[in-house]
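Structure file model_17.cif (mmCIF, C-alpha atoms and all ligand atoms) follows.
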data_data
loop_
_atom_site.group_PDB
_atom_site.id
_atom_site.type_symbol
_atom_site.label_atom_id
_atom_site.label_comp_id
_atom_site.auth_asym_id
_atom_site.auth_seq_id
_atom_site.Cartn_x
_atom_site.Cartn_y
_atom_site.Cartn_z
ATOM 1 C CA MET F 1 132.127 90.739 100.640
ATOM 2 C CA ASN F 2 128.642 90.228 99.204
ATOM 3 C CA ILE F 3 126.390 93.218 98.780
ATOM 4 C CA THR F 4 122.675 92.795 98.141
ATOM 5 C CA PHE F 5 120.435 95.653 97.135
ATOM 6 C CA LEU F 6 117.156 95.081 98.953
ATOM 7 C CA GLY F 7 115.476 98.382 98.110
ATOM 8 C CA THR F 8 116.394 100.664 95.211
ATOM 9 C CA ASN F 9 113.448 103.087 95.117
ATOM 10 C CA GLY F 10 113.400 106.503 96.741
ATOM 11 C CA TRP F 11 110.301 107.949 98.467
ATOM 12 C CA PHE F 12 107.923 104.968 98.244
ATOM 13 C CA ASP F 13 107.333 101.482 96.897
ATOM 14 C CA THR F 14 106.159 100.834 93.362
ATOM 15 C CA HIS F 15 106.466 97.905 90.950
ATOM 16 C CA THR F 16 110.080 99.044 90.330
ATOM 17 C CA GLY F 17 111.129 98.351 93.893
ATOM 18 C CA ALA F 18 111.062 98.851 97.632
ATOM 19 C CA THR F 19 112.697 101.771 99.429
ATOM 20 C CA SER F 20 116.350 102.101 100.452
ATOM 21 C CA CYS F 21 118.027 99.161 102.096
ATOM 22 C CA VAL F 22 121.420 97.642 101.277
ATOM 23 C CA PHE F 23 122.772 94.490 102.908
ATOM 24 C CA LEU F 24 126.521 93.797 103.353
ATOM 25 C CA ASP F 25 127.601 90.298 104.277
ATOM 26 C CA THR F 26 131.111 90.654 105.693
ATOM 27 C CA LYS F 27 133.363 88.117 107.385
ATOM 28 C CA ASP F 28 132.668 89.346 110.920
ATOM 29 C CA CYS F 29 129.191 90.826 110.780
ATOM 30 C CA TYR F 30 126.214 91.861 108.717
ATOM 31 C CA ILE F 31 125.902 95.568 107.943
ATOM 32 C CA ILE F 32 122.604 97.012 106.782
ATOM 33 C CA LEU F 33 122.516 100.491 105.309
ATOM 34 C CA ASP F 34 119.156 102.190 105.875
ATOM 35 C CA CYS F 35 115.898 100.558 106.787
ATOM 36 C CA GLY F 36 113.486 101.188 103.936
ATOM 37 C CA SER F 37 110.777 98.737 102.978
ATOM 38 C CA GLY F 38 113.309 96.364 101.388
ATOM 39 C CA PHE F 39 114.245 95.395 104.942
ATOM 40 C CA TYR F 40 111.731 92.527 105.000
ATOM 41 C CA LYS F 41 114.135 90.446 102.875
ATOM 42 C CA VAL F 42 116.893 90.571 105.507
ATOM 43 C CA PRO F 43 115.955 87.326 107.356
ATOM 44 C CA SER F 44 116.430 85.278 104.172
ATOM 45 C CA LEU F 45 120.060 86.500 103.990
ATOM 46 C CA LEU F 46 121.078 85.662 107.551
ATOM 47 C CA LYS F 47 122.998 82.427 107.069
ATOM 48 C CA GLU F 48 125.269 82.611 110.131
ATOM 49 C CA GLU F 49 125.088 83.828 113.720
ATOM 50 C CA LYS F 50 126.912 87.132 113.325
ATOM 51 C CA PRO F 51 126.170 90.535 114.856
ATOM 52 C CA ILE F 52 123.973 92.773 112.734
ATOM 53 C CA TYR F 53 124.563 96.523 112.548
ATOM 54 C CA LEU F 54 121.876 98.699 110.986
ATOM 55 C CA LEU F 55 123.226 102.154 110.078
ATOM 56 C CA LEU F 56 120.687 104.896 109.419
ATOM 57 C CA THR F 57 121.643 107.868 107.268
ATOM 58 C CA HIS F 58 118.668 110.015 108.269
ATOM 59 C CA LEU F 59 115.103 109.639 109.382
ATOM 60 C CA HIS F 60 113.067 110.360 106.258
ATOM 61 C CA LEU F 61 110.426 107.666 106.105
ATOM 62 C CA ASP F 62 111.765 105.919 103.013
ATOM 63 C CA HIS F 63 114.886 105.159 105.096
ATOM 64 C CA ILE F 64 113.175 104.022 108.295
ATOM 65 C CA CYS F 65 109.764 102.598 107.352
ATOM 66 C CA GLY F 66 111.243 99.094 107.542
ATOM 67 C CA LEU F 67 111.615 99.525 111.308
ATOM 68 C CA GLN F 68 108.066 98.242 111.670
ATOM 69 C CA MET F 69 109.428 94.915 110.391
ATOM 70 C CA LEU F 70 111.917 94.632 113.264
ATOM 71 C CA PRO F 71 109.980 91.758 114.877
ATOM 72 C CA LEU F 72 111.343 89.689 111.961
ATOM 73 C CA LEU F 73 114.759 89.920 113.677
ATOM 74 C CA ARG F 74 113.565 89.274 117.212
ATOM 75 C CA GLY F 75 116.240 87.423 119.172
ATOM 76 C CA LYS F 76 119.031 88.429 116.791
ATOM 77 C CA ASN F 77 122.072 90.412 117.867
ATOM 78 C CA LEU F 78 120.973 93.653 116.233
ATOM 79 C CA THR F 79 122.224 97.175 116.949
ATOM 80 C CA ILE F 80 120.726 100.220 115.264
ATOM 81 C CA ILE F 81 123.275 102.986 114.787
ATOM 82 C CA VAL F 82 122.739 106.681 114.170
ATOM 83 C CA LYS F 83 125.386 109.341 113.901
ATOM 84 C CA GLU F 84 124.008 112.059 116.171
ATOM 85 C CA ASN F 85 122.331 112.216 119.544
ATOM 86 C CA LYS F 86 119.515 114.316 118.042
ATOM 87 C CA GLN F 87 118.813 111.505 115.573
ATOM 88 C CA LYS F 88 118.709 109.072 118.483
ATOM 89 C CA GLU F 89 116.178 111.293 120.264
ATOM 90 C CA ASP F 90 114.094 111.717 117.111
ATOM 91 C CA LEU F 91 114.155 107.998 116.471
ATOM 92 C CA ALA F 92 112.876 107.367 119.998
ATOM 93 C CA GLN F 93 109.970 109.692 119.194
ATOM 94 C CA PHE F 94 109.102 107.553 116.177
ATOM 95 C CA MET F 95 109.753 104.203 117.830
ATOM 96 C CA GLN F 96 107.073 104.454 120.461
ATOM 97 C CA LEU F 97 103.348 104.025 120.885
ATOM 98 C CA PRO F 98 101.047 104.773 119.177
ATOM 99 C CA PHE F 99 103.246 104.374 116.086
ATOM 100 C CA MET F 100 105.087 101.158 116.917
ATOM 101 C CA PRO F 101 106.646 99.264 119.848
ATOM 102 C CA THR F 102 109.691 100.820 121.502
ATOM 103 C CA ALA F 103 113.200 99.530 120.853
ATOM 104 C CA LYS F 104 113.242 98.300 124.439
ATOM 105 C CA ALA F 105 110.047 96.294 123.918
ATOM 106 C CA LEU F 106 111.597 94.821 120.781
ATOM 107 C CA GLY F 107 114.843 94.012 122.620
ATOM 108 C CA ILE F 108 116.919 96.140 120.267
ATOM 109 C CA ARG F 109 119.779 98.456 121.132
ATOM 110 C CA ILE F 110 120.008 101.907 119.545
ATOM 111 C CA ALA F 111 123.446 103.477 119.722
ATOM 112 C CA GLN F 112 125.053 106.693 118.702
ATOM 113 C CA LEU F 113 127.992 105.858 116.467
ATOM 114 C CA ASP F 114 130.662 107.471 118.635
ATOM 115 C CA GLU F 115 129.502 105.449 121.660
ATOM 116 C CA ILE F 116 130.268 102.111 120.023
ATOM 117 C CA LYS F 117 132.706 102.934 117.227
ATOM 118 C CA LYS F 118 135.680 101.328 118.966
ATOM 119 C CA ASP F 119 133.774 98.054 119.469
ATOM 120 C CA LEU F 120 132.653 97.635 115.867
ATOM 121 C CA PRO F 121 134.286 94.864 113.793
ATOM 122 C CA PHE F 122 134.742 97.331 110.923
ATOM 123 C CA LYS F 123 136.010 100.859 110.539
ATOM 124 C CA VAL F 124 133.542 103.536 109.551
ATOM 125 C CA GLU F 125 133.838 107.213 108.681
ATOM 126 C CA THR F 126 130.902 109.593 108.349
ATOM 127 C CA PHE F 127 130.340 112.625 106.170
ATOM 128 C CA GLU F 128 127.496 115.086 106.567
ATOM 129 C CA LEU F 129 125.726 115.435 103.242
ATOM 130 C CA ALA F 130 123.582 118.117 101.617
ATOM 131 C CA HIS F 131 119.959 117.338 102.382
ATOM 132 C CA ALA F 132 116.786 118.854 103.811
ATOM 133 C CA VAL F 133 117.508 117.207 107.175
ATOM 134 C CA LYS F 134 120.752 116.143 108.898
ATOM 135 C CA THR F 135 122.015 113.241 106.812
ATOM 136 C CA PHE F 136 125.261 111.304 106.974
ATOM 137 C CA GLY F 137 127.024 109.213 104.376
ATOM 138 C CA TYR F 138 128.885 106.151 105.661
ATOM 139 C CA LYS F 139 132.285 105.018 104.435
ATOM 140 C CA ILE F 140 132.867 101.445 105.527
ATOM 141 C CA PHE F 141 136.255 99.765 105.598
ATOM 142 C CA SER F 142 136.051 95.985 105.759
ATOM 143 C CA GLU F 143 138.048 93.074 104.311
ATOM 144 C CA ASP F 144 140.452 95.534 102.645
ATOM 145 C CA LYS F 145 137.564 97.056 100.723
ATOM 146 C CA ILE F 146 135.855 100.422 100.949
ATOM 147 C CA VAL F 147 132.115 100.770 100.489
ATOM 148 C CA ALA F 148 130.780 104.332 100.408
ATOM 149 C CA TYR F 149 127.060 104.911 100.855
ATOM 150 C CA GLY F 150 125.871 108.346 99.784
ATOM 151 C CA LEU F 151 122.170 108.962 100.074
ATOM 152 C CA ASP F 152 120.292 111.186 100.294
ATOM 153 C CA SER F 153 122.457 114.051 99.083
ATOM 154 C CA GLY F 154 122.624 116.995 96.789
ATOM 155 C CA LEU F 155 125.838 118.443 95.435
ATOM 156 C CA CYS F 156 128.404 119.126 98.137
ATOM 157 C CA GLU F 157 132.089 118.778 98.838
ATOM 158 C CA ASN F 158 131.543 116.021 101.387
ATOM 159 C CA ILE F 159 130.027 113.542 98.965
ATOM 160 C CA LEU F 160 133.334 113.679 97.102
ATOM 161 C CA HIS F 161 135.259 112.937 100.294
ATOM 162 C CA LEU F 162 132.823 110.137 101.060
ATOM 163 C CA ALA F 163 133.268 108.532 97.663
ATOM 164 C CA LYS F 164 137.042 109.080 97.405
ATOM 165 C CA ASP F 165 138.924 105.929 96.382
ATOM 166 C CA SER F 166 136.069 103.572 97.279
ATOM 167 C CA ASP F 167 135.782 100.113 95.742
ATOM 168 C CA LEU F 168 132.033 100.572 95.547
ATOM 169 C CA PHE F 169 130.238 103.910 95.719
ATOM 170 C CA ILE F 170 126.508 103.470 96.250
ATOM 171 C CA CYS F 171 125.046 106.794 95.246
ATOM 172 C CA GLU F 172 121.616 108.232 95.051
ATOM 173 C CA CYS F 173 120.066 108.964 91.663
ATOM 174 C CA SER F 174 116.806 110.634 92.557
ATOM 175 C CA TYR F 175 116.352 112.844 89.521
ATOM 176 C CA LEU F 176 115.892 112.166 85.818
ATOM 177 C CA PRO F 177 118.744 113.104 83.444
ATOM 178 C CA ALA F 178 116.831 116.238 82.414
ATOM 179 C CA GLN F 179 116.428 117.464 86.012
ATOM 180 C CA ASP F 180 119.252 119.485 87.525
ATOM 181 C CA PRO F 181 120.815 118.327 90.781
ATOM 182 C CA ASP F 182 120.204 120.649 93.737
ATOM 183 C CA PHE F 183 120.876 120.948 97.478
ATOM 184 C CA ASN F 184 118.830 117.815 98.149
ATOM 185 C CA HIS F 185 119.380 115.263 95.405
ATOM 186 C CA LEU F 186 121.412 114.253 92.352
ATOM 187 C CA ASN F 187 120.805 113.176 88.769
ATOM 188 C CA PRO F 188 122.722 110.415 86.888
ATOM 189 C CA LYS F 189 125.327 112.759 85.423
ATOM 190 C CA ALA F 190 126.124 114.370 88.781
ATOM 191 C CA ALA F 191 126.527 110.974 90.443
ATOM 192 C CA ALA F 192 128.792 109.782 87.632
ATOM 193 C CA LEU F 193 130.972 112.905 87.729
ATOM 194 C CA ILE F 194 131.412 112.519 91.490
ATOM 195 C CA ALA F 195 132.442 108.884 90.965
ATOM 196 C CA LYS F 196 134.926 109.912 88.297
ATOM 197 C CA GLU F 197 136.487 112.716 90.312
ATOM 198 C CA ALA F 198 136.624 110.539 93.428
ATOM 199 C CA LYS F 199 138.338 107.755 91.466
ATOM 200 C CA VAL F 200 135.932 105.066 92.651
ATOM 201 C CA LYS F 201 136.186 101.588 91.163
ATOM 202 C CA LEU F 202 132.474 100.933 90.738
ATOM 203 C CA LEU F 203 129.363 103.100 90.973
ATOM 204 C CA ALA F 204 125.924 101.731 91.902
ATOM 205 C CA LEU F 205 122.955 104.022 91.334
ATOM 206 C CA ILE F 206 119.940 103.569 93.615
ATOM 207 C CA HIS F 207 117.220 105.668 95.304
ATOM 208 C CA PHE F 208 115.369 106.367 92.073
ATOM 209 C CA LYS F 209 112.538 108.802 92.801
ATOM 210 C CA ALA F 210 109.493 106.606 92.565
ATOM 211 C CA ASP F 211 107.107 109.013 90.865
ATOM 212 C CA VAL F 212 109.473 110.064 88.048
ATOM 213 C CA TYR F 213 111.279 106.733 87.567
ATOM 214 C CA ASP F 214 108.023 104.888 87.031
ATOM 215 C CA THR F 215 109.422 102.322 84.580
ATOM 216 C CA PHE F 216 112.586 100.214 84.416
ATOM 217 C CA GLU F 217 113.211 101.753 80.985
ATOM 218 C CA LYS F 218 113.705 105.141 82.638
ATOM 219 C CA ARG F 219 116.302 103.592 84.937
ATOM 220 C CA ASP F 220 118.022 102.147 81.862
ATOM 221 C CA LEU F 221 118.158 105.630 80.335
ATOM 222 C CA ALA F 222 119.636 106.997 83.560
ATOM 223 C CA LEU F 223 122.300 104.311 83.439
ATOM 224 C CA LEU F 224 123.050 105.155 79.826
ATOM 225 C CA ASP F 225 123.427 108.819 80.735
ATOM 226 C CA ALA F 226 125.676 108.144 83.735
ATOM 227 C CA GLY F 227 127.771 105.764 81.620
ATOM 228 C CA LYS F 228 128.750 108.643 79.329
ATOM 229 C CA TYR F 229 130.669 110.188 82.223
ATOM 230 C CA PHE F 230 131.681 107.135 84.242
ATOM 231 C CA GLU F 231 131.760 103.793 82.478
ATOM 232 C CA LYS F 232 131.854 101.503 85.501
ATOM 233 C CA THR F 233 128.305 102.289 86.549
ATOM 234 C CA PHE F 234 125.428 99.924 87.170
ATOM 235 C CA ALA F 235 121.889 100.304 88.405
ATOM 236 C CA PRO F 236 120.922 97.268 90.456
ATOM 237 C CA TYR F 237 117.368 96.056 90.772
ATOM 238 C CA ASP F 238 115.950 94.893 94.079
ATOM 239 C CA GLY F 239 117.468 91.545 95.036
ATOM 240 C CA ASP F 240 120.631 91.919 92.947
ATOM 241 C CA THR F 241 123.867 90.804 94.662
ATOM 242 C CA ILE F 242 127.434 91.675 93.779
ATOM 243 C CA THR F 243 130.740 90.525 95.244
ATOM 244 C CA ILE F 244 133.627 92.914 95.682
HETATM 245 ZN ZN ZN F 301 115.219 109.095 100.531
HETATM 246 ZN ZN ZN F 302 115.826 112.031 102.483
#
Just dump the structure as structure tokens.
Amino acid sequence: MNITFLGTNGWFDTHTGATSCVFLDTKDCYIILDCGSGFYKVPSLLKEEKPIYLLLTHLHLDHICGLQMLPLLRGKNLTIIVKENKQKEDLAQFMQLPFMPTAKALGIRIAQLDEIKKDLPFKVETFELAHAVKTFGYKIFSEDKIVAYGLDSGLCENILHLAKDSDLFICECSYLPAQDPDFNHLNPKAAALIAKEAKVKLLALIHFKADVYDTFEKRDLALLDAGKYFEKTFAPYDGDTITI
């Protein structure tokens, strides 16, 4: 499975990157995790006619602002998935005039996960995370691999369950090493300790808070710090692809 990091910033775009969006190219389908501003690169990665599933963790703008780019995927077999009915209702509030065209006008289906879970060509588990709004981490089982996607989240028991035994744990790293993690977000050390305890194979740090991680050097320092606690850590830049 190829995984491309299309947006690695949190909050907003800067020269260090676009906001959260991760693209999984699996045998049976494409899976997109969050719809930040990195979403505009998706069309360049669609090499085959496969269904596309876009899973949203929560509706903070840095995770949904890419929805205004949905016309780029017009005519594609795209389903947007949210975990809860309330998220579906809230999303409908956002995806309407005067903000943007409706999903119906765009020809896109929005589904609650439980409605379509049995029809998906991959298995997925969800874990509610610690955040200012209802947020869910996704644990995806595909091609005998486990990809865990944990953002946005503060410290909580569930992020450990989410990450447990994953081949790749994509974790948020909003705060600088000197900032303590809290009920909303993590720092490099906290992410690394979760990865270690959860026995993950590889940890990817993304969702760097744009105003404090204002240089790539600061990301490098975060990586250095995380590496003290969990060696198999990397911090991808926008556009980086790995194969697991
Ligand atoms: Zn965010
Ligand atoms: Zn958030």
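Across the chains present, the PyMOL selection byres (((not hetatm)) within 10 of (chain F and resi 302)) applied to this file returns Gly10, Trp11, Thr57, His58, Leu59, His60, Leu61, Asp62, His63, Ala130, His131, Ala132, Val133, Lys134, Thr135, Leu151, Asp152, Ser153, Asn184, His185 and His207 of chain F.
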| message | For the provided coordinates, the residues matched by the PyMOL selection byres (((chain F and resi 219) around 10) and not hetatm) should be stated as a PyMOL selection string. | response | chain F and resi 16+173+176-177+188+205-206+208+212-218+220-225+235-237
Hey, can you spit out that residue selection with C-alpha atoms as a short mmCIF file (atom, residue, chain, number, x, y, z; two decimals), keeping the file's coordinate frame?
data_model
loop_
_atom_site.label_atom_id
_atom_site.label_comp_id
_atom_site.auth_asym_id
_atom_site.auth_seq_id
_atom_site.Cartn_x
_atom_site.Cartn_y
_atom_site.Cartn_z
CA THR F 16 110.08 99.04 90.33
CA CYS F 173 120.07 108.96 91.66
CA LEU F 176 115.89 112.17 85.82
CA PRO F 177 118.74 113.10 83.44
CA PRO F 188 122.72 110.42 86.89
CA LEU F 205 122.96 104.02 91.33
CA ILE F 206 119.94 103.57 93.62
CA PHE F 208 115.37 106.37 92.07
CA VAL F 212 109.47 110.06 88.05
CA TYR F 213 111.28 106.73 87.57
CA ASP F 214 108.02 104.89 87.03
CA THR F 215 109.42 102.32 84.58
CA PHE F 216 112.59 100.21 84.42
CA GLU F 217 113.21 101.75 80.98
CA LYS F 218 113.70 105.14 82.64
CA ASP F 220 118.02 102.15 81.86
CA LEU F 221 118.16 105.63 80.33
CA ALA F 222 119.64 107.00 83.56
CA LEU F 223 122.30 104.31 83.44
CA LEU F 224 123.05 105.16 79.83
CA ASP F 225 123.43 108.82 80.74
CA ALA F 235 121.89 100.30 88.40
CA PRO F 236 120.92 97.27 90.46
CA TYR F 237 117.37 96.06 90.77
#
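Shell of F:Lys88 at 9 Å, with only C-alpha atoms counted and residues fewer than 5 places along the chain excluded, is F:Ile81, F:Val82, F:Lys83, F:Gln93, F:Ile110, F:Ala111, F:Gln112.
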Would you mind exporting C-alpha atoms of the selected residues as a PDB file, keeping the file's coordinate frame?
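Written output follows (part.pdb):
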ATOM      1  CA  ILE F  81     123.275 102.986 114.787  1.00  0.00           C
ATOM      2  CA  VAL F  82     122.739 106.681 114.170  1.00  0.00           C
ATOM      3  CA  LYS F  83     125.386 109.341 113.901  1.00  0.00           C
ATOM      4  CA  GLN F  93     109.970 109.692 119.194  1.00  0.00           C
ATOM      5  CA  ILE F 110     120.008 101.907 119.545  1.00  0.00           C
ATOM      6  CA  ALA F 111     123.446 103.477 119.722  1.00  0.00           C
ATOM      7  CA  GLN F 112     125.053 106.693 118.702  1.00  0.00           C
TER       8      GLN F 112
END
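Here atom CA of F:Met100 is placed at a distance of 17.2 Å from atom CA of F:Gln87.
Nearest-residue note for ligand ZN 301 (chain F): choosing from F:Gly227, F:Gly150, F:Pro43, F:Pro51, the minimum distance belongs to F:Gly150, counting all atoms listed in the file.
Distances from F:Phe23, F:Phe99, F:Tyr30, F:Tyr175 to ligand ZN 301 (chain F) were compared using all atoms listed in the file, and the smallest one belongs to F:Tyr175.
For the residues F:Gln96, F:Lys209, F:Gly38, F:Lys47, ranking by smallest atom-to-atom distance to F:Gln179 using all atoms listed in the file places F:Lys209 first.
A straight line drawn from atom CA of F:Pro181 to atom CA of F:Thr4 is 26.6 Å long.
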| task | I need the residue set behind the PyMOL selection byres (((chain F and resi 124) around 8) and not hetatm) for this file; please write it as a VMD selection string. | result | chain F and resid 117 122 to 123 125 to 126 138 to 141
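Between ligand ZN 301 (chain F) and the candidates F:Ala210, F:Ile32, F:Ala148, F:Leu168, the tightest atom-to-atom separation, counting only C-alpha atoms and all ligand atoms, involves F:Ala210.
Using only C-alpha atoms, the shortest contact distance between F:Tyr229 and any of F:Lys189, F:Arg74, F:Lys145, F:Lys201 is found at F:Lys189.
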| task | Select, counting only C-alpha atoms, all protein, DNA and RNA residues no farther than 12 Å from (112.5, 96.9, 123.2) in file coordinates, and express the selection as a ChimeraX atom specification. | result | /F:70-71,74-75,78-80,92,95-97,100-110
Emit the selected residues as an mmCIF file, keeping the file's coordinate frame, including C-alpha atoms.
data_model
loop_
_atom_site.group_PDB
_atom_site.id
_atom_site.type_symbol
_atom_site.label_atom_id
_atom_site.label_comp_id
_atom_site.auth_asym_id
_atom_site.auth_seq_id
_atom_site.Cartn_x
_atom_site.Cartn_y
_atom_site.Cartn_z
ATOM 1 C CA LEU F 70 111.917 94.632 113.264
ATOM 2 C CA PRO F 71 109.980 91.758 114.877
ATOM 3 C CA ARG F 74 113.565 89.274 117.212
ATOM 4 C CA GLY F 75 116.240 87.423 119.172
ATOM 5 C CA LEU F 78 120.973 93.653 116.233
ATOM 6 C CA THR F 79 122.224 97.175 116.949
ATOM 7 C CA ILE F 80 120.726 100.220 115.264
ATOM 8 C CA ALA F 92 112.876 107.367 119.998
ATOM 9 C CA MET F 95 109.753 104.203 117.830
ATOM 10 C CA GLN F 96 107.073 104.454 120.461
ATOM 11 C CA LEU F 97 103.348 104.025 120.885
ATOM 12 C CA MET F 100 105.087 101.158 116.917
ATOM 13 C CA PRO F 101 106.646 99.264 119.848
ATOM 14 C CA THR F 102 109.691 100.820 121.502
ATOM 15 C CA ALA F 103 113.200 99.530 120.853
ATOM 16 C CA LYS F 104 113.242 98.300 124.439
ATOM 17 C CA ALA F 105 110.047 96.294 123.918
ATOM 18 C CA LEU F 106 111.597 94.821 120.781
ATOM 19 C CA GLY F 107 114.843 94.012 122.620
ATOM 20 C CA ILE F 108 116.919 96.140 120.267
ATOM 21 C CA ARG F 109 119.779 98.456 121.132
ATOM 22 C CA ILE F 110 120.008 101.907 119.545
#
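With all atoms listed in the file as the basis for measurement, F:Cys171 is the residue among F:Cys171, F:Ile3, F:Leu54, F:Leu46 that approaches ligand ZN 301 (chain F) most closely.
Note that the spacing between atom CA of F:Leu162 and atom CA of F:Lys27 amounts to 22.9 Å.
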| request: Skip F:Cys35 itself and residues of its chain fewer than 5 positions away, then list as number ranges by chain all residues within 6 Å of it, counting all atoms listed in the file. | output: F: 21, 63-64, 66
With C-alpha atoms retained, could you export that selection as a PDB file, keeping the file's coordinate frame?
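Saved the output as out29.pdb:
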ATOM      1  CA  CYS F  21     118.027  99.161 102.096  1.00  0.00           C
ATOM      2  CA  HIS F  63     114.886 105.159 105.096  1.00  0.00           C
ATOM      3  CA  ILE F  64     113.175 104.022 108.295  1.00  0.00           C
ATOM      4  CA  GLY F  66     111.243  99.094 107.542  1.00  0.00           C
TER       5      GLY F  66
END
Expected axis-aligned box over every listed atom of stretch 150-153 of chain F, 8 Å added per side, centre plus edges in Å to one decimal, as lines of an AutoDock Vina configuration file:
center_x = 123.1
center_y = 111.2
center_z = 99.7
size_x = 21.6
size_y = 21.7
size_z = 17.2
| task | Pick out the residues sitting within 8 Å of F:Phe230, and hand them over as a list in words; count all atoms listed in the file, and ignore anything fewer than 6 positions along from it in its own chain. | result | Ala192, Leu193, Ala195 and Lys196 of chain F
